[in-house]
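With compact mmCIF, C-alpha atoms (C1' of nucleotides) inside, this is run_17.txt:
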# COMPACT_ATOMS: atom_id res chain seq x y z
CA MET S 715 -153.10 186.39 23.16
CA THR S 716 -152.22 188.39 26.23
CA LEU S 717 -148.62 189.42 26.25
CA PRO S 718 -147.40 191.68 29.04
CA ALA S 719 -144.81 194.39 28.81
CA THR S 720 -141.15 193.89 28.15
CA GLN S 721 -139.02 192.39 30.90
CA THR S 722 -135.41 191.47 31.34
CA ALA S 723 -133.23 189.11 33.36
CA GLY S 724 -129.49 188.66 33.52
CA GLY S 725 -129.08 189.44 29.86
CA ALA S 726 -128.64 187.10 26.92
CA THR S 727 -125.59 184.98 26.32
CA SER S 728 -125.53 186.24 22.76
CA GLU S 729 -123.15 188.87 21.56
CA PRO S 730 -123.15 191.19 18.55
CA GLY S 731 -122.03 189.23 15.52
CA HIS S 732 -123.25 188.06 12.14
CA HIS S 733 -126.91 187.95 12.94
CA SER S 734 -126.84 189.22 16.52
CA GLY S 735 -130.28 187.96 17.53
CA ALA S 736 -133.25 190.28 17.61
CA ALA S 737 -131.31 192.76 15.51
CA GLY S 738 -130.35 192.79 11.86
CA GLN S 739 -133.72 194.16 10.85
CA SER S 740 -134.62 193.76 7.22
CA PRO S 741 -137.49 195.34 5.31
CA GLY S 742 -140.25 192.80 5.43
CA ASP S 743 -138.93 190.99 8.46
CA ASP S 744 -142.32 191.58 9.98
CA LEU S 745 -143.86 189.75 7.05
CA ILE S 746 -142.24 186.53 8.22
CA GLU S 747 -144.10 186.63 11.50
CA LEU S 748 -147.28 188.05 10.01
CA LEU S 749 -147.35 185.14 7.59
CA PHE S 750 -147.17 182.77 10.52
CA PHE S 751 -150.00 184.47 12.41
CA ALA S 752 -152.15 184.97 9.33
CA TYR S 753 -151.81 181.36 8.27
CA ARG S 754 -152.50 180.17 11.78
CA ASP S 755 -155.86 181.93 11.85
CA PHE S 756 -156.55 181.24 8.19
CA VAL S 757 -156.57 177.48 8.75
CA GLY S 758 -158.21 177.85 12.14
CA ASP S 759 -161.68 178.52 10.72
CA PRO S 760 -161.87 175.39 8.56
CA ASP S 761 -160.29 173.28 11.30
CA ARG S 762 -163.22 173.96 13.58
CA ILE S 763 -165.74 172.88 10.95
CA LEU S 764 -163.75 169.83 9.91
CA ALA S 765 -163.48 168.62 13.48
CA GLN S 766 -167.27 168.17 13.54
CA TYR S 767 -166.96 165.74 10.64
CA GLY S 768 -163.99 163.90 12.06
CA PHE S 769 -161.79 165.28 9.31
CA GLY S 770 -158.49 167.10 9.50
CA ARG S 771 -156.45 169.55 7.51
CA ALA S 772 -155.27 166.88 5.11
CA HIS S 773 -158.87 166.03 4.21
CA HIS S 774 -159.55 169.71 3.67
CA ARG S 775 -156.76 170.18 1.19
CA VAL S 776 -157.84 167.20 -0.86
CA LEU S 777 -161.50 168.18 -0.81
CA HIS S 778 -160.69 171.76 -1.70
CA PHE S 779 -158.61 171.03 -4.76
CA VAL S 780 -160.93 168.33 -6.04
CA ASP S 781 -163.84 170.71 -5.62
CA ARG S 782 -162.12 173.56 -7.41
CA TYR S 783 -160.54 171.44 -10.13
CA PRO S 784 -162.93 168.60 -10.90
CA GLY S 785 -161.34 165.75 -12.81
CA LEU S 786 -158.00 166.08 -11.10
CA THR S 787 -155.91 162.92 -11.29
CA ILE S 788 -154.04 161.34 -8.40
CA ALA S 789 -150.71 162.37 -9.88
CA GLU S 790 -151.80 165.98 -10.24
CA LEU S 791 -153.07 166.07 -6.70
CA LEU S 792 -149.81 164.63 -5.42
CA ASP S 793 -147.95 167.30 -7.34
CA ILE S 794 -150.06 170.06 -5.83
CA LEU S 795 -150.00 168.82 -2.26
CA ARG S 796 -146.42 167.59 -2.30
CA ILE S 797 -147.08 164.55 -0.18
CA THR S 798 -146.58 160.85 -0.81
CA LYS S 799 -149.29 158.72 -2.35
CA GLN S 800 -149.50 156.77 0.90
CA SER S 801 -150.33 159.93 2.79
CA LEU S 802 -152.82 160.98 0.15
CA ASN S 803 -154.51 157.60 0.01
CA ARG S 804 -155.14 157.56 3.71
CA VAL S 805 -157.30 160.66 3.64
CA LEU S 806 -158.69 160.13 0.16
CA LYS S 807 -159.96 156.72 1.28
CA ASP S 808 -161.91 158.39 4.10
CA LEU S 809 -163.44 160.92 1.73
CA ILE S 810 -164.45 158.27 -0.80
CA GLU S 811 -165.84 155.83 1.76
CA GLN S 812 -167.92 158.56 3.32
CA ASP S 813 -169.16 159.67 -0.07
CA TYR S 814 -167.58 163.09 -0.37
CA ILE S 815 -165.50 162.23 -3.41
CA VAL S 816 -165.88 159.74 -6.25
CA GLN S 817 -163.30 158.29 -8.60
CA LYS S 818 -163.97 157.76 -12.30
CA THR S 819 -161.74 155.87 -14.64
CA GLY S 820 -160.15 158.15 -17.21
CA THR S 821 -161.49 157.94 -20.74
CA SER S 822 -158.36 158.61 -22.73
CA ASP S 823 -156.10 156.85 -20.24
CA ARG S 824 -157.92 154.16 -18.35
CA ARG S 825 -155.12 153.90 -15.77
CA GLN S 826 -156.01 157.28 -14.37
CA ARG S 827 -158.57 157.88 -11.65
CA LEU S 828 -160.23 161.23 -12.12
CA LEU S 829 -161.55 162.75 -8.93
CA PHE S 830 -164.86 164.53 -8.49
CA CYS S 831 -166.86 165.81 -5.55
CA THR S 832 -170.26 164.35 -4.81
CA ASP S 833 -173.05 166.67 -3.71
CA ARG S 834 -172.02 166.07 -0.14
CA GLY S 835 -168.45 166.91 -0.99
CA THR S 836 -169.43 170.05 -2.85
CA ALA S 837 -171.55 171.15 0.07
CA LEU S 838 -168.80 170.69 2.64
CA ALA S 839 -166.19 172.25 0.38
CA GLY S 840 -168.53 175.18 -0.03
CA ASP S 841 -168.84 175.66 3.71
CA LEU S 842 -165.08 175.62 4.04
CA ILE S 843 -164.50 177.98 1.15
CA ARG S 844 -167.11 180.29 2.60
CA VAL S 845 -165.37 180.89 5.91
CA GLN S 846 -162.02 181.38 4.24
CA THR S 847 -163.41 183.69 1.60
CA HIS S 848 -165.06 185.67 4.34
CA ARG S 849 -161.77 186.19 6.11
CA VAL S 850 -159.97 187.13 2.91
CA THR S 851 -162.70 189.48 1.75
CA ARG S 852 -162.78 191.19 5.11
CA ALA S 853 -159.00 191.52 5.04
CA LEU S 854 -159.07 193.14 1.60
CA ALA S 855 -161.71 195.60 2.69
CA ASP S 856 -160.14 196.32 6.04
CA PRO S 857 -159.49 200.00 6.66
CA ALA S 858 -156.86 199.10 9.25
CA ALA S 859 -154.33 200.30 6.73
CA VAL S 860 -152.01 202.31 8.89
CA PRO S 861 -149.09 203.26 6.63
CA ALA S 862 -145.68 202.49 8.07
CA GLU S 863 -143.61 205.32 9.52
CA GLY S 864 -140.82 204.94 7.01
CA GLY S 865 -141.03 205.47 3.28
CA LEU S 866 -142.96 203.42 0.77
CA ASP S 867 -141.48 199.99 0.16
CA GLY S 868 -143.33 199.31 -3.03
CA GLY S 869 -145.92 196.77 -2.00
CA ALA S 870 -144.42 196.06 1.40
CA ILE S 871 -147.07 198.05 3.17
CA SER S 872 -150.06 196.55 1.48
CA ALA S 873 -148.77 192.99 1.88
CA GLN S 874 -148.21 193.76 5.55
CA ASN S 875 -151.66 195.24 5.94
CA PHE S 876 -153.26 192.33 4.17
CA LEU S 877 -151.59 189.76 6.40
CA LEU S 878 -152.34 191.74 9.53
CA ALA S 879 -155.98 192.03 8.49
CA MET S 880 -156.07 188.26 7.96
CA ILE S 881 -155.39 187.81 11.67
CA GLU S 882 -158.32 187.29 13.99
CA PRO S 883 -159.46 190.83 14.94
CA GLU S 884 -159.23 190.23 18.67
CA GLU S 885 -155.65 189.09 18.26
CA ARG S 886 -154.35 191.90 16.10
CA ALA S 887 -153.60 194.24 18.95
CA ALA S 888 -151.58 191.56 20.71
CA VAL S 889 -149.60 190.84 17.55
CA ARG S 890 -148.97 194.54 17.01
CA ARG S 891 -147.84 194.85 20.62
CA LEU S 892 -145.51 191.89 20.28
CA MET S 893 -143.90 193.20 17.13
CA ALA S 894 -143.56 196.67 18.59
CA ARG S 895 -141.66 195.08 21.44
CA ARG S 896 -139.11 193.83 18.95
CA ALA S 897 -138.94 197.16 17.15
CA ARG S 898 -138.15 198.88 20.45
CA SER S 899 -135.36 196.53 21.41
CA VAL S 900 -133.80 197.10 18.01
CA ALA S 901 -134.01 200.87 18.08
CA ARG S 902 -132.08 200.82 21.33
CA MET E 997 -145.31 170.80 -10.68
CA THR E 998 -146.29 169.57 -14.07
CA LEU E 999 -150.00 169.78 -14.63
CA PRO E 1000 -151.33 168.85 -18.06
CA ALA E 1001 -154.30 170.36 -19.84
CA THR E 1002 -157.89 170.03 -18.75
CA GLN E 1003 -159.57 166.68 -19.17
CA THR E 1004 -162.98 165.25 -18.52
CA ALA E 1005 -164.63 161.93 -17.80
CA GLY E 1006 -168.25 161.05 -17.27
CA GLY E 1007 -169.02 164.34 -15.58
CA ALA E 1008 -169.34 165.13 -11.92
CA THR E 1009 -172.15 163.95 -9.71
CA SER E 1010 -172.60 167.48 -8.49
CA GLU E 1011 -175.37 169.73 -9.62
CA PRO E 1012 -175.80 173.48 -9.51
CA GLY E 1013 -176.81 174.46 -6.03
CA HIS E 1014 -175.73 176.63 -3.16
CA HIS E 1015 -172.04 176.42 -3.78
CA SER E 1016 -172.06 174.38 -7.02
CA GLY E 1017 -168.42 173.26 -6.90
CA ALA E 1018 -165.76 174.99 -8.94
CA ALA E 1019 -168.10 177.92 -9.44
CA GLY E 1020 -169.29 180.64 -7.09
CA GLN E 1021 -166.20 182.73 -7.73
CA SER E 1022 -165.49 185.41 -5.19
CA PRO E 1023 -162.97 188.24 -5.38
CA GLY E 1024 -159.90 186.94 -3.66
CA ASP E 1025 -160.78 183.29 -4.06
CA ASP E 1026 -157.41 182.92 -5.67
CA LEU E 1027 -155.84 184.26 -2.52
CA ILE E 1028 -156.97 181.16 -0.65
CA GLU E 1029 -154.94 178.91 -2.89
CA LEU E 1030 -152.06 181.34 -3.23
CA LEU E 1031 -151.77 181.44 0.52
CA PHE E 1032 -151.48 177.67 0.53
CA PHE E 1033 -148.79 177.60 -2.15
CA ALA E 1034 -146.90 180.58 -0.72
CA TYR E 1035 -146.85 179.12 2.76
CA ARG E 1036 -145.81 175.72 1.44
CA ASP E 1037 -142.69 177.19 -0.17
CA PHE E 1038 -142.15 179.69 2.63
CA VAL E 1039 -141.64 176.92 5.19
CA GLY E 1040 -139.86 174.73 2.67
CA ASP E 1041 -136.59 176.67 2.84
CA PRO E 1042 -136.12 176.43 6.61
CA ASP E 1043 -137.28 172.81 6.63
CA ARG E 1044 -134.34 171.80 4.49
CA ILE E 1045 -131.85 173.49 6.83
CA LEU E 1046 -133.50 172.18 9.97
CA ALA E 1047 -133.41 168.61 8.69
CA GLN E 1048 -129.60 168.76 8.75
CA TYR E 1049 -129.75 169.49 12.47
CA GLY E 1050 -132.38 166.89 13.22
CA PHE E 1051 -134.88 169.59 14.01
CA GLY E 1052 -138.38 170.14 12.71
CA ARG E 1053 -140.79 172.96 12.18
CA ALA E 1054 -141.76 173.05 15.82
CA HIS E 1055 -138.15 173.65 16.81
CA HIS E 1056 -137.96 176.42 14.24
CA ARG E 1057 -140.93 178.30 15.62
CA VAL E 1058 -139.59 178.20 19.16
CA LEU E 1059 -136.09 179.21 18.12
CA HIS E 1060 -137.41 182.01 15.94
CA PHE E 1061 -139.55 183.69 18.56
CA VAL E 1062 -136.98 183.31 21.31
CA ASP E 1063 -134.37 184.81 19.00
CA ARG E 1064 -136.56 187.73 18.01
CA TYR E 1065 -138.00 188.36 21.46
CA PRO E 1066 -135.31 187.50 24.01
CA GLY E 1067 -136.62 187.05 27.52
CA LEU E 1068 -139.88 185.50 26.41
CA THR E 1069 -141.57 183.44 29.11
CA ILE E 1070 -143.05 179.99 28.67
CA ALA E 1071 -146.56 181.36 29.01
CA GLU E 1072 -145.98 183.99 26.35
CA LEU E 1073 -144.52 181.44 23.98
CA LEU E 1074 -147.49 179.16 24.53
CA ASP E 1075 -149.78 182.07 23.76
CA ILE E 1076 -147.96 182.86 20.54
CA LEU E 1077 -147.66 179.30 19.27
CA ARG E 1078 -151.06 178.13 20.50
CA ILE E 1079 -149.89 174.70 21.49
CA THR E 1080 -149.94 172.85 24.81
CA LYS E 1081 -147.06 173.09 27.23
CA GLN E 1082 -146.42 169.39 26.72
CA SER E 1083 -145.86 169.95 23.01
CA LEU E 1084 -143.70 172.97 23.69
CA ASN E 1085 -141.61 171.23 26.31
CA ARG E 1086 -140.73 168.38 24.00
CA VAL E 1087 -139.03 170.62 21.47
CA LEU E 1088 -137.80 173.17 23.97
CA LYS E 1089 -136.04 170.36 25.81
CA ASP E 1090 -134.16 169.43 22.64
CA LEU E 1091 -133.10 173.02 22.05
CA ILE E 1092 -131.91 173.48 25.62
CA GLU E 1093 -130.08 170.16 25.83
CA GLN E 1094 -128.27 170.89 22.60
CA ASP E 1095 -127.37 174.37 23.76
CA TYR E 1096 -129.40 176.50 21.40
CA ILE E 1097 -131.52 178.07 24.10
CA VAL E 1098 -130.98 178.80 27.81
CA GLN E 1099 -133.47 179.43 30.55
CA LYS E 1100 -132.96 182.06 33.23
CA THR E 1101 -135.07 182.44 36.31
CA GLY E 1102 -137.10 185.63 36.24
CA THR E 1103 -135.94 188.42 38.55
CA SER E 1104 -139.26 189.98 39.46
CA ASP E 1105 -141.13 186.67 39.45
CA ARG E 1106 -138.87 183.76 40.23
CA ARG E 1107 -141.43 181.26 38.99
CA GLN E 1108 -140.92 182.37 35.44
CA ARG E 1109 -138.31 180.95 33.08
CA LEU E 1110 -137.11 183.60 30.67
CA LEU E 1111 -135.81 182.20 27.42
CA PHE E 1112 -132.74 183.36 25.55
CA CYS E 1113 -130.76 182.11 22.58
CA THR E 1114 -127.15 181.07 23.03
CA ASP E 1115 -124.63 181.98 20.36
CA ARG E 1116 -125.36 178.71 18.65
CA GLY E 1117 -129.06 179.45 18.75
CA THR E 1118 -128.59 182.95 17.43
CA ALA E 1119 -126.48 181.62 14.59
CA LEU E 1120 -128.99 179.00 13.54
CA ALA E 1121 -131.92 181.40 13.91
CA GLY E 1122 -129.98 183.82 11.73
CA ASP E 1123 -129.53 181.23 9.00
CA LEU E 1124 -133.23 180.48 9.06
CA ILE E 1125 -134.29 184.11 9.08
CA ARG E 1126 -131.90 184.75 6.21
CA VAL E 1127 -133.50 182.32 3.78
CA GLN E 1128 -136.97 183.51 4.65
CA THR E 1129 -136.04 187.17 4.45
CA HIS E 1130 -134.50 186.47 1.08
CA ARG E 1131 -137.72 185.01 -0.23
CA VAL E 1132 -139.81 187.86 1.18
CA THR E 1133 -137.46 190.56 -0.08
CA ARG E 1134 -137.41 189.02 -3.52
CA ALA E 1135 -141.19 188.81 -3.49
CA LEU E 1136 -141.52 192.49 -2.60
CA ALA E 1137 -139.15 193.51 -5.35
CA ASP E 1138 -140.58 191.14 -7.92
CA PRO E 1139 -141.69 192.86 -11.13
CA ALA E 1140 -143.98 189.93 -11.90
CA ALA E 1141 -146.79 192.33 -11.11
CA VAL E 1142 -149.18 191.58 -13.89
CA PRO E 1143 -152.33 193.54 -13.01
CA ALA E 1144 -155.51 191.49 -13.09
CA GLU E 1145 -157.87 191.83 -16.05
CA GLY E 1146 -160.75 193.16 -13.97
CA GLY E 1147 -160.88 196.42 -12.12
CA LEU E 1148 -158.89 197.40 -9.07
CA ASP E 1149 -159.92 195.61 -5.90
CA GLY E 1150 -158.19 197.89 -3.48
CA GLY E 1151 -155.21 195.85 -2.34
CA ALA E 1152 -156.40 192.61 -3.87
CA ILE E 1153 -153.93 192.82 -6.68
CA SER E 1154 -150.88 193.56 -4.65
CA ALA E 1155 -151.68 190.90 -2.08
CA GLN E 1156 -152.12 188.46 -4.94
CA ASN E 1157 -148.85 189.50 -6.52
CA PHE E 1158 -147.02 189.25 -3.26
CA LEU E 1159 -148.21 185.74 -2.56
CA LEU E 1160 -147.53 184.63 -6.10
CA ALA E 1161 -144.04 186.06 -5.89
CA MET E 1162 -143.51 184.14 -2.65
CA ILE E 1163 -143.90 180.91 -4.58
CA GLU E 1164 -140.79 179.16 -5.82
CA PRO E 1165 -140.05 180.76 -9.22
CA GLU E 1166 -139.99 177.46 -11.10
CA GLU E 1167 -143.41 176.62 -9.73
CA ARG E 1168 -145.17 179.86 -10.47
CA ALA E 1169 -146.03 179.01 -14.05
CA ALA E 1170 -147.59 175.73 -12.93
CA VAL E 1171 -149.64 177.48 -10.29
CA ARG E 1172 -150.77 180.11 -12.79
CA ARG E 1173 -151.71 177.36 -15.22
CA LEU E 1174 -153.66 175.51 -12.57
CA MET E 1175 -155.60 178.56 -11.50
CA ALA E 1176 -156.29 179.53 -15.10
CA ARG E 1177 -157.79 176.09 -15.52
CA ARG E 1178 -160.31 176.93 -12.85
CA ALA E 1179 -161.00 180.36 -14.29
CA ARG E 1180 -161.80 178.77 -17.65
CA SER E 1181 -164.17 176.18 -16.26
CA VAL E 1182 -166.02 178.96 -14.46
CA ALA E 1183 -166.28 181.28 -17.45
CA ARG E 1184 -168.04 178.49 -19.35
C1' DG W 816 -151.56 179.47 55.99
C1' DA W 817 -154.49 178.72 51.89
C1' DA W 818 -155.19 179.53 47.17
C1' DA W 819 -153.70 180.81 42.75
C1' DT W 820 -149.98 180.88 39.31
C1' DA W 821 -145.90 179.32 36.39
C1' DT W 822 -143.74 175.58 35.12
C1' DG W 823 -142.40 170.55 34.56
C1' DT W 824 -143.42 165.77 33.65
C1' DC W 825 -145.45 161.02 32.90
C1' DA W 826 -148.40 158.39 29.95
C1' DA W 827 -151.41 157.49 26.24
C1' DC W 828 -153.18 158.68 21.89
C1' DA W 829 -154.28 160.81 17.14
C1' DA W 830 -153.16 163.11 12.74
C1' DC W 831 -150.21 163.29 9.17
C1' DA W 832 -146.06 163.02 7.20
C1' DC W 833 -142.12 159.60 5.64
C1' DT W 834 -139.53 155.25 3.72
C1' DG W 835 -139.36 150.84 1.49
C1' DA W 836 -141.34 147.08 -0.71
C1' DC W 837 -144.49 144.96 -3.56
C1' DA W 838 -148.86 144.30 -6.68
C1' DT W 839 -151.90 145.31 -10.67
C1' DA W 840 -153.71 147.21 -14.79
C1' DA W 841 -153.11 149.81 -18.82
C1' DA W 842 -150.33 152.27 -22.08
C1' DA W 843 -146.16 152.76 -24.84
C1' DC W 844 -142.46 151.08 -27.32
C1' DG W 845 -139.61 148.39 -30.27
C1' DC Z 1285 -146.55 140.72 -29.49
C1' DG Z 1286 -143.82 140.88 -25.64
C1' DT Z 1287 -141.14 143.94 -22.66
C1' DT Z 1288 -141.02 148.13 -20.26
C1' DT Z 1289 -142.90 152.13 -18.32
C1' DT Z 1290 -146.59 154.54 -16.11
C1' DA Z 1291 -150.57 155.30 -12.85
C1' DT Z 1292 -152.32 153.71 -9.03
C1' DG Z 1293 -153.09 150.85 -4.69
C1' DT Z 1294 -151.48 148.75 -0.47
C1' DC Z 1295 -148.89 146.66 3.58
C1' DA Z 1296 -145.84 147.59 7.26
C1' DG Z 1297 -143.03 150.37 10.09
C1' DT Z 1298 -141.47 154.91 11.84
C1' DG Z 1299 -141.02 159.97 13.23
C1' DT Z 1300 -142.78 164.62 14.30
C1' DT Z 1301 -146.04 167.23 16.31
C1' DG Z 1302 -150.19 167.95 18.11
C1' DT Z 1303 -153.81 166.40 21.86
C1' DT Z 1304 -155.91 165.05 26.79
C1' DG Z 1305 -155.57 163.99 31.63
C1' DA Z 1306 -153.25 163.64 35.82
C1' DC Z 1307 -150.05 165.02 39.03
C1' DA Z 1308 -145.76 167.50 41.23
C1' DT Z 1309 -143.09 171.66 42.67
C1' DA Z 1310 -141.86 176.26 43.56
C1' DT Z 1311 -143.33 180.83 44.20
C1' DT Z 1312 -146.43 184.49 44.62
C1' DT Z 1313 -150.72 186.45 46.27
C1' DC Z 1314 -154.42 187.04 49.31

Write-out of the structure in structure tokens:
Amino acid sequence: MTLPATQTAGGATSEPGHHSGAAGQSPGDDLIELLFFAYRDFVGDPDRILAQYGFGRAHHRVLHFVDRYPGLTIAELLDILRITKQSLNRVLKDLIEQDYIVQKTGTSDRRQRLLFCTDRGTALAGDLIRVQTHRVTRALADPAAVPAEGGLDGGAISAQNFLLAMIEPEERAAVRRLMARRARSVAR
Amino acid sequence: MTLPATQTAGGATSEPGHHSGAAGQSPGDDLIELLFFAYRDFVGDPDRILAQYGFGRAHHRVLHFVDRYPGLTIAELLDILRITKQSLNRVLKDLIEQDYIVQKTGTSDRRQRLLFCTDRGTALAGDLIRVQTHRVTRALADPAAVPAEGGLDGGAISAQNFLLAMIEPEERAAVRRLMARRARSVAR
DNA sequence: GAAATATGTCAACAACACTGACATAAAACG
DNA sequence: CGTTTTATGTCAGTGTTGTTGACATATTTC
């Protein structure tokens, strides 16, 4: 990210009103954008690994939950992921055909298909967990905790610091600069 | 979400190894899943509103950043969103044609197109910000702060509480139940 | 005047979500 | 025991959002 300094043109069409664009600051407004940036980088790590296997984010989610909760049923997985069974089946099929996941018929209810990772699946899931855990662990240990200027917001600061620390280190300055740009235009 | 109790079948193909599936707990492993659930619900609110306008998540992101940072250029927006200009143009075109965003030629550099929200755009962006701010504010004020059993992890607890509180209230119990299921299988 | 930059656009394609319809096996119920 | 419900699988079509590659235009920079 390489965002230059603030600039202006004719001036916006907007006028002060209900929301009044770029104003109406609320405590934790920054968290909305930080969540976007943090999540963007959070899924970026796995994405790079998955691409080498020809898998995508959808495959990751399935593999992750099956790895962490062995014996998950299709219905449970659908409930967690909140997607349709058609969407799930498309990626699950790939994972089963390529021997990352196996299905076993349920013992108590033989209609159910319980899902388990194979060794291959466990290995890949482990690689993916590893990079994400690394980012999270680093974020928790990050000393970049610069308390906000205002008063304590009861958790607001630490949530903000956590999300900021989840962002790729090289990008943090740019994100800080961007958000400062908004803060300035509001203070005016 | 309605996840039943733990169940087992034949037993997984996996064996103890490097990662050893469902084991290898790390401080903040929960945060990986909480981030998934929190983000899922976080974007769920706006999605419902946007659907009524025939817009999607991509439209939301563009509208949000243009609203918050009036005068943003195309290049800056591309840098923030990390998508190609072709992807951006598709949704930006919709927003401009339907009068949510206007472009103004830059004054210092006439090649640039500075982006601004119209009143319509500001209004919609305000509605979207509102629901997200509501969720964040509620999460920050949430007294659901049940300290973890272990020792303090320096920010780990509050980040965990924040993300949990970002989850749709009716779903939190299910998420807690799910994650407890993993904790149990690990303790064994 | 040539080269670099900021933006726009056409075309094709891939991932991942959706809807709707239909099929099968097993469990549950009366 | 037969009907109904449940858990899962599958076919077909569609929409959103991302990608690559190629090319065009206006403006700035050197």

Note to self: For Arg1057 in chain E, find every residue with an atom within 10 Å (counting all atoms listed in the file), except residues of its own chain fewer than 4 positions away, and show them as an NGL selection string.
What the structure shows: (:S and (747 or 750)) or (:E and (1052-1053 or 1061-1063 or 1073 or 1076-1077 or 1087 or 1121))

Would you put the residues from that selection into a file with C-alpha atoms, as a compact mmCIF listing (two decimals), keeping the file's coordinate frame?
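Heads up, here's the output in out10.txt:
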# COMPACT_ATOMS: atom_id res chain seq x y z
CA GLU S 747 -144.10 186.63 11.50
CA PHE S 750 -147.17 182.77 10.52
CA GLY E 1052 -138.38 170.14 12.71
CA ARG E 1053 -140.79 172.96 12.18
CA PHE E 1061 -139.55 183.69 18.56
CA VAL E 1062 -136.98 183.31 21.31
CA ASP E 1063 -134.37 184.81 19.00
CA LEU E 1073 -144.52 181.44 23.98
CA ILE E 1076 -147.96 182.86 20.54
CA LEU E 1077 -147.66 179.30 19.27
CA VAL E 1087 -139.03 170.62 21.47
CA ALA E 1121 -131.92 181.40 13.91

Can you sort out the box for range 1285-1288 of chain Z, edges along x, y and z, all listed atoms in, 4 Å on every side, with centre and edge lengths in Å to one decimal, as lines of an AutoDock Vina configuration file?
center_x = -143.8
center_y = 144.4
center_z = -24.9
size_x = 13.5
size_y = 15.4
size_z = 17.2

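Proximity to chain Z was assessed for E:Val1039, E:Ala1135, E:Ala1034, E:Leu1084 counting only C-alpha atoms (C1' of nucleotides); the smallest distance is recorded for E:Leu1084.
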
Residues of chain W near chain S: apply a cut-off of 9 Å, count all atoms listed in the file, and supply the list as a PDB file with C-alpha atoms (C1' of nucleotides), in the coordinates of the input.
ATOM      1  C1'  DA W 830    -153.160 163.110  12.740  1.00  0.00           C
ATOM      2  C1'  DC W 831    -150.210 163.290   9.170  1.00  0.00           C
ATOM      3  C1'  DA W 832    -146.060 163.020   7.200  1.00  0.00           C
ATOM      4  C1'  DC W 833    -142.120 159.600   5.640  1.00  0.00           C
ATOM      5  C1'  DA W 840    -153.710 147.210 -14.790  1.00  0.00           C
ATOM      6  C1'  DA W 841    -153.110 149.810 -18.820  1.00  0.00           C
ATOM      7  C1'  DA W 842    -150.330 152.270 -22.080  1.00  0.00           C
TER       8       DA W 842
END

Checklist line | Atom-to-atom span, CA of Ile1125 in chain E and CA of Pro741 in chain S, Å | finding: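 Taking CA of Ile1125 in chain E as the start and CA of Pro741 in chain S as the end point, the length is 12.3 Å.
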
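Nearest residue to chain S, choosing from Z:DG1293, Z:DT1313, Z:DT1303, Z:DT1298 and counting all atoms listed in the file: Z:DG1293.
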
Next item on the list: Write down, as a list in words, each residue of chain Z that has any atom within 10 Å of an atom of chain E, counting only C-alpha atoms (C1' of nucleotides).
Entry: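 Within 10 Å of chain E on chain Z, we get DT1300, DT1301, DG1302, DT1303, DA1310, DT1311 and DT1312 of chain Z.
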
Checklist line | Atomic separation - CA of Asp1037 in chain E relative to CA of Glu1164 in chain E, Å | finding: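 If I compute the distance from CA of Glu1164 in chain E to CA of Asp1037 in chain E, I get 6.3 Å.
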